[in-house]
Amino acid sequence: MLTLANLSKTYRVGEVETQALDGISAEVQAGEFVAIMGPSGCGKSTLLNILGCLDQPSGGSYRLMGEEVSTLGEAQLARVRRAHIGFVFQSFNLINDLTVAENVEIALLYRRDRASRRARIADVLQQVGLGHRAGHRPQQLSGGQQQRVAIARALVSDPKVIFADEPTGNLDTANGEAVMSLLKGVWESGTTIVMVTHSPRHAAEAQRTIGMLDGRIVGETPA
Ligand code: ADP
């Protein structure tokens, strides 16, 4: 489903160049649950942003469901995101002026039929256990509930793959567990998941873990 070959990313800030990704080659099959671990600054978020078509690599190849996406421009990347991808951020990234239902609806606005949008939003809020919070604003919810809204937003368009960047990083243990079991349920129902985490315990929920260091893949468990 995802094929990376010699992927690189260089950031340039003024005179300073940072090689955030340095020759990443990897494959993720449809239906897999993969964790990515590594120390801060090793390139995990950079990699996940490229995988999620939020950013472009500087070099190398990235094929998503057979399509070479490494060379696509902004509009085409947006098309790929809408068609295939859900993204969950560490800091939830909800819009505080919108209700829970409206935050989820954002991922569906390209669909014209309002009634079917509403039905789909109600379904997905039920699925994350927040059907009774549709009219609340994000700040009226706990962090764990906010992350569940973000997962609902990621799920609402029925993505083939979800990329989650430290989805439990801002949560206490109990809320982190709840978010993990929700993601696990999403995976068990057939969605591919790639998740960055600092938690060995949460990584152990995945089928395998890719280890990164200094912009490279340095190992995999199980090997
Ligand atoms: P991680 O997610 O593993 O903590 P990142 O992917 O965020 O690592 O960062 C990898 C490297 O790239 C770091 O050295 C970081 O400082 C640098 N970096 C990340 N984003 C940017 C950016 N937008 N501009 C410049 N440098 C960046």
# chains A, B, ... in the order shown; residues from 1 in each chain; ligands from 1
call {"tool": "residues_around", "arguments": {"residues": "Tyr110 (chain A)", "least_positions_apart": "6", "cutoff": "12 Å", "atoms": "only C-alpha atoms", "output": "VMD selection string"}}
result
chain A and resid 78 to 79 82 to 83 117 157
call {"tool": "residues_near_ligand", "arguments": {"ligand": "ligand 1", "cutoff": "7 Å", "atoms": "only C-alpha atoms and all ligand atoms", "output": "PyMOL selection string"}}
result
chain A and resi 11-13+18-20+38-47
call {"tool": "select_by_dssp", "arguments": {"residues": "region 3-213 of chain A", "states": "strand (DSSP E)", "output": "NGL selection string"}}
result
:A and (3-13 or 16-28 or 33-37 or 59-64 or 67-68 or 85-88 or 161-165 or 192-196 or 208-213)
call {"tool": "atom_distance", "arguments": {"atom1": "CA of Arg216 (chain A)", "atom2": "CA of Leu4 (chain A)"}}
result
12.3 Å
call {"tool": "atom_distance", "arguments": {"atom1": "CA of Gln76 (chain A)", "atom2": "CA of Gln56 (chain A)"}}
result
11.5 Å
call {"tool": "residues_around", "arguments": {"residues": "Gln140 (chain A)", "least_positions_apart": "5", "cutoff": "12 Å", "atoms": "only C-alpha atoms", "output": "VMD selection string"}}
result
chain A and resid 96 to 100 133 to 135 145 to 146
call {"tool": "atom_distance", "arguments": {"atom1": "CA of Ser189 (chain A)", "atom2": "CA of Glu68 (chain A)"}}
result
26.7 Å
call {"tool": "closest_residue", "arguments": {"among": "A:Ser61, A:Gln29, A:Ser142, A:Thr192", "to": "Asp172 (chain A)", "atoms": "only C-alpha atoms"}}
result
A:Ser142
